[in-house]
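Source file work35.cif; content: mmCIF, C-alpha atoms.
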```cif
data_protein
loop_
_atom_site.label_atom_id
_atom_site.label_comp_id
_atom_site.auth_asym_id
_atom_site.auth_seq_id
_atom_site.Cartn_x
_atom_site.Cartn_y
_atom_site.Cartn_z
CA MET G 1 14.13 18.66 -10.59
CA ASP G 2 16.53 15.73 -10.13
CA PRO G 3 15.66 12.95 -12.61
CA ASN G 4 17.67 10.49 -10.51
CA TYR G 5 15.93 11.13 -7.18
CA ALA G 6 14.58 7.64 -6.56
CA LEU G 7 12.18 8.58 -3.77
CA ALA G 8 10.52 11.23 -5.97
CA LEU G 9 10.26 8.74 -8.84
CA ALA G 10 8.58 6.24 -6.52
CA GLY G 11 6.16 8.94 -5.38
CA LEU G 12 5.36 9.92 -8.96
CA SER G 13 4.76 6.25 -9.75
CA LEU G 14 2.20 6.04 -6.96
CA VAL G 15 0.49 9.22 -8.15
CA GLU G 16 0.22 7.81 -11.68
CA GLY G 17 -1.17 4.57 -10.27
CA TYR G 18 -3.76 6.36 -8.15
CA TYR G 19 -4.68 8.53 -11.10
CA TYR G 20 -5.10 5.39 -13.23
CA ARG G 21 -7.21 3.62 -10.63
CA ASP G 22 -9.33 6.53 -9.45
CA LEU G 23 -9.63 9.03 -12.33
CA ASP G 24 -8.32 7.93 -15.71
CA PRO G 25 -8.03 4.21 -16.52
CA ALA G 26 -5.83 4.83 -19.56
CA GLU G 27 -3.26 2.04 -19.89
CA SER G 28 -0.59 4.71 -20.51
CA ARG G 29 -1.00 5.86 -16.88
CA LEU G 30 -0.23 2.40 -15.56
CA GLN G 31 2.66 1.97 -17.99
CA ASN G 32 4.10 5.27 -16.81
CA ALA G 33 3.69 4.20 -13.19
CA GLU G 34 5.59 1.01 -13.91
CA GLN G 35 8.39 2.82 -15.74
CA LEU G 36 8.80 5.29 -12.88
CA ALA G 37 8.88 2.51 -10.26
CA ARG G 38 11.40 0.50 -12.25
CA ARG G 39 13.60 3.59 -12.70
CA ALA G 40 13.48 4.18 -8.95
CA ILE G 41 14.50 0.57 -8.26
CA ALA G 42 17.30 0.77 -10.85
CA ILE G 43 18.66 3.87 -9.12
CA ASP G 44 18.24 2.54 -5.58
CA PRO G 45 17.31 -1.15 -5.28
CA GLN G 46 17.31 -0.80 -1.48
CA LEU G 47 14.58 1.87 -1.47
CA ALA G 48 11.48 0.32 0.09
CA GLU G 49 9.18 2.97 -1.35
CA ALA G 50 10.25 2.00 -4.88
CA HIS G 51 9.20 -1.60 -4.21
CA VAL G 52 5.90 -0.37 -2.77
CA ALA G 53 5.35 1.62 -5.98
CA LEU G 54 6.06 -1.40 -8.20
CA GLY G 55 3.84 -3.55 -5.97
CA HIS G 56 1.05 -1.06 -6.54
CA VAL G 57 1.43 -1.43 -10.29
CA TYR G 58 1.13 -5.20 -9.97
CA GLY G 59 -1.90 -4.78 -7.71
CA ASP G 60 -3.56 -2.44 -10.20
CA ARG G 61 -3.09 -5.23 -12.75
CA PHE G 62 -4.64 -7.72 -10.31
CA ASP G 63 -1.36 -9.63 -10.10
CA TYR G 64 -1.46 -9.80 -6.33
CA ALA G 65 1.14 -12.57 -6.01
CA ARG G 66 3.78 -10.34 -7.63
CA ALA G 67 2.51 -7.38 -5.59
CA VAL G 68 3.01 -9.45 -2.42
CA ASP G 69 6.60 -10.18 -3.46
CA GLU G 70 7.34 -6.46 -3.88
CA PHE G 71 5.63 -5.49 -0.63
CA ARG G 72 7.51 -8.23 1.25
CA GLN G 73 10.75 -6.89 -0.20
CA ALA G 74 9.76 -3.41 0.98
CA THR G 75 9.09 -4.67 4.53
CA ARG G 76 12.45 -6.46 4.57
CA LEU G 77 14.22 -3.29 3.47
CA ALA G 78 12.30 -1.01 5.84
CA PRO G 79 10.65 -3.00 8.63
CA ASP G 80 9.37 0.25 10.18
CA ASN G 81 7.48 1.36 7.04
CA ALA G 82 3.81 1.18 8.06
CA HIS G 83 2.61 1.86 4.52
CA ALA G 84 4.56 -1.13 3.16
CA TRP G 85 2.99 -3.39 5.81
CA ASP G 86 -0.47 -2.03 5.01
CA GLU G 87 0.00 -2.65 1.29
CA LEU G 88 1.21 -6.17 2.05
CA CYS G 89 -1.98 -6.72 4.06
CA TRP G 90 -4.06 -5.44 1.13
CA ALA G 91 -2.38 -7.67 -1.46
CA LEU G 92 -2.43 -10.80 0.73
CA GLY G 93 -6.15 -10.29 1.25
CA TYR G 94 -6.90 -10.00 -2.46
CA MET G 95 -4.60 -12.59 -4.01
CA GLN G 96 -6.22 -15.88 -4.92
CA PRO G 97 -6.46 -17.73 -2.72
CA PRO G 98 -6.11 -15.04 -0.07
CA ASP G 99 -3.75 -15.55 2.84
CA ALA G 100 -5.95 -14.02 5.52
CA VAL G 101 -3.73 -15.01 8.45
CA ALA G 102 -0.62 -13.41 6.95
CA ALA G 103 -2.73 -10.41 5.92
CA GLU G 104 -3.88 -9.99 9.51
CA LYS G 105 -0.30 -10.10 10.78
CA ALA G 106 0.78 -7.48 8.23
CA GLY G 107 -2.21 -5.28 9.08
CA ARG G 108 -1.52 -5.45 12.79
CA GLU G 109 2.14 -4.56 12.18
CA SER G 110 1.10 -1.56 10.10
CA ILE G 111 -1.20 -0.34 12.86
CA ARG G 112 1.46 -0.95 15.51
CA LEU G 113 3.82 1.25 13.52
CA GLN G 114 1.32 3.98 12.62
CA ALA G 115 -2.00 3.82 14.43
CA SER G 116 -3.43 6.72 12.39
CA LEU G 117 -3.22 4.90 9.03
CA VAL G 118 -6.92 4.66 8.12
CA GLY G 119 -6.48 2.13 5.32
CA ALA G 120 -4.66 -0.27 7.62
CA TYR G 121 -7.78 -0.72 9.75
CA TYR G 122 -9.89 -1.33 6.66
CA HIS G 123 -7.44 -3.92 5.28
CA LEU G 124 -7.16 -5.56 8.71
CA GLY G 125 -10.96 -5.71 8.84
CA ARG G 126 -11.01 -7.46 5.48
CA ALA G 127 -8.42 -10.01 6.68
CA LEU G 128 -10.52 -10.69 9.77
CA LEU G 129 -13.68 -10.96 7.66
CA LEU G 130 -11.99 -13.57 5.45
CA GLN G 131 -11.28 -15.58 8.60
CA GLY G 132 -14.91 -15.39 9.72
CA ARG G 133 -14.01 -13.26 12.74
CA TYR G 134 -16.93 -10.93 12.23
CA PRO G 135 -17.05 -8.96 15.51
CA GLU G 136 -13.33 -8.14 15.21
CA ALA G 137 -13.78 -7.23 11.54
CA ILE G 138 -16.66 -4.90 12.37
CA ALA G 139 -14.53 -3.23 15.05
CA ALA G 140 -11.64 -2.71 12.61
CA PHE G 141 -13.97 -1.31 9.94
CA GLY G 142 -15.49 0.98 12.58
CA GLU G 143 -12.05 2.26 13.57
CA SER G 144 -11.28 2.97 9.91
CA LYS G 145 -14.51 4.90 9.54
CA GLU G 146 -13.96 6.84 12.77
CA LEU G 147 -10.40 7.83 11.86
CA GLY G 148 -11.43 8.66 8.31
CA SER G 149 -14.30 10.88 9.39
CA SER G 150 -11.84 13.39 10.79
CA VAL G 151 -10.83 14.40 7.26
CA HIS G 152 -12.72 15.15 4.08
CA ASP G 153 -11.61 12.04 2.19
CA SER G 154 -10.31 9.06 4.14
CA ARG G 155 -8.50 7.81 1.03
CA PHE G 156 -6.44 11.00 1.12
CA TRP G 157 -5.73 10.46 4.81
CA HIS G 158 -4.61 6.90 4.04
CA ARG G 159 -2.22 8.22 1.43
CA THR G 160 -0.65 10.79 3.74
CA GLY G 161 1.32 7.93 5.30
CA LEU G 162 2.97 7.00 2.02
CA PHE G 163 6.47 8.00 2.92
CA GLY G 164 6.44 7.94 6.69
CA SER G 165 8.90 10.32 8.26
CA ARG G 166 10.71 11.02 4.96
CA GLY G 167 7.88 13.04 3.47
CA LEU G 168 7.64 13.93 -0.19
#
```

Once more with this new file: its structure as structure tokens, please.
Amino acid sequence: MDPNYALALAGLSLVEGYYYRDLDPAESRLQNAEQLARRAIAIDPQLAEAHVALGHVYGDRFDYARAVDEFRQATRLAPDNAHAWDELCWALGYMQPPDAVAAEKAGRESIRLQASLVGAYYHLGRALLLQGRYPEAIAAFGESKELGSSVHDSRFWHRTGLFGSRGL
């Protein structure tokens, strides 16, 4: 209803990005996601969720270095945002070359902040796997599976932490 509500714009950007990645890979979806994220940042440059949304766009374009920059900005702006830390873990683990040690630190911070964030355990497991720490990686993947089994779609559960206590 409010075209200048930055948090809602950031949320819509994420929805467009998820729609692009999971249902309809039309470039227009990703362009819309980017426009929404950039509008949110223009309205409120200090809004961590807007930087997370733009980071997602970069990640969907496989530009993980730029995604990392946005997620780091989000964690600076909101150090208690578990979703931002989880997304930082994800991007650090996928950029080339990956930074598995920094990804692990980000993943552990995400879990410290919100232990129910299913995706954080998966991304932590990937960071541990990249370091050759297989038993720890298996344990993290197992925790992700166990937490995710309590809901129909663990990806949905992961996304329920998008906006922390602010909700959307």

What are the closest atom pairs, with distances in Å to one decimal, for all residues of segment 105-139 of chain G lying within 6 Å of segment 65-82 of chain G? Consider all atoms listed in the file, order rows by chain and residue number, and present the result as JSON lines.
```
{"residue": "G:Ser110", "atom": "CA", "partner": "G:Ala82", "partner_atom": "CA", "distance": 4.4}
{"residue": "G:Leu113", "atom": "CA", "partner": "G:Ala82", "partner_atom": "CA", "distance": 5.5}
{"residue": "G:Gln114", "atom": "CA", "partner": "G:Ala82", "partner_atom": "CA", "distance": 5.9}
```

Any idea what's packed within 7 Å of Ser13 of chain G, counting all atoms listed in the file, ignoring anything in its chain fewer than 4 positions away? Could you give it as a list of chain:residue names? G:Leu9, G:Gly17, G:Ala33, G:Glu34, G:Leu36, G:Ala37, G:Ala53

Segment 83-94 of chain G: which residues within 6 Å, counting only C-alpha atoms, same-chain residues fewer than 4 positions away excluded, as a list in words? Tyr64, Val68, Phe71, Thr75, Pro98, Asp99, Ala100, Ala103, Ala106, Gly107, Ser110, Ala120, His123, Ala127 and Leu162 of chain G

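Atom to atom, atom CA of Asp2 of chain G and atom CA of Pro45 of chain G stand 17.6 Å apart.
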
Nearest to Ala10 of chain G by atom-to-atom distance, counting only C-alpha atoms, from G:Ala50, G:Ile41, G:Leu128, G:Ala26: G:Ala50

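With only C-alpha atoms as the atoms that count, the residue of G:Ala139, G:Leu47, G:Arg108, G:Gln31 with the shortest distance to Asp60 of chain G is G:Gln31.
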
Kindly give the distance, in Å, that separates atom CA of Val15 of chain G and atom CA of Gly148 of chain G, rounded to a single decimal. 20.3 Å

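Checking G:Lys145, G:Arg21, G:His51, G:Arg133 one by one against Leu117 of chain G, counting only C-alpha atoms, you find the shortest gap at G:Lys145.
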
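When atom CA of Tyr134 of chain G is paired with atom CA of Phe62 of chain G, their separation reads 25.9 Å.
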
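Minimum distance to Leu12 of chain G across G:Ala102, G:Arg61, G:Gln35, G:Ala115 (counting all atoms listed in the file) occurs at G:Gln35.
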
Which polymer residues have any atom within 7 Å of an atom of Ile43 of chain G, counting all atoms listed in the file, with same-chain residues fewer than 3 positions away left out, as a list of chain:residue names? G:Asn4, G:Ala6, G:Arg39, G:Ala40

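Using all atoms listed in the file for every distance, the candidate list G:Glu49, G:Leu124, G:Arg38, G:Gln96 yields G:Gln96 as the residue closest to Asp63 of chain G.
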
Given the file shown, enumerate the residues that the PyMOL selection byres ((chain G and resi 121) around 7) captures and present them as a count of residues only. 11
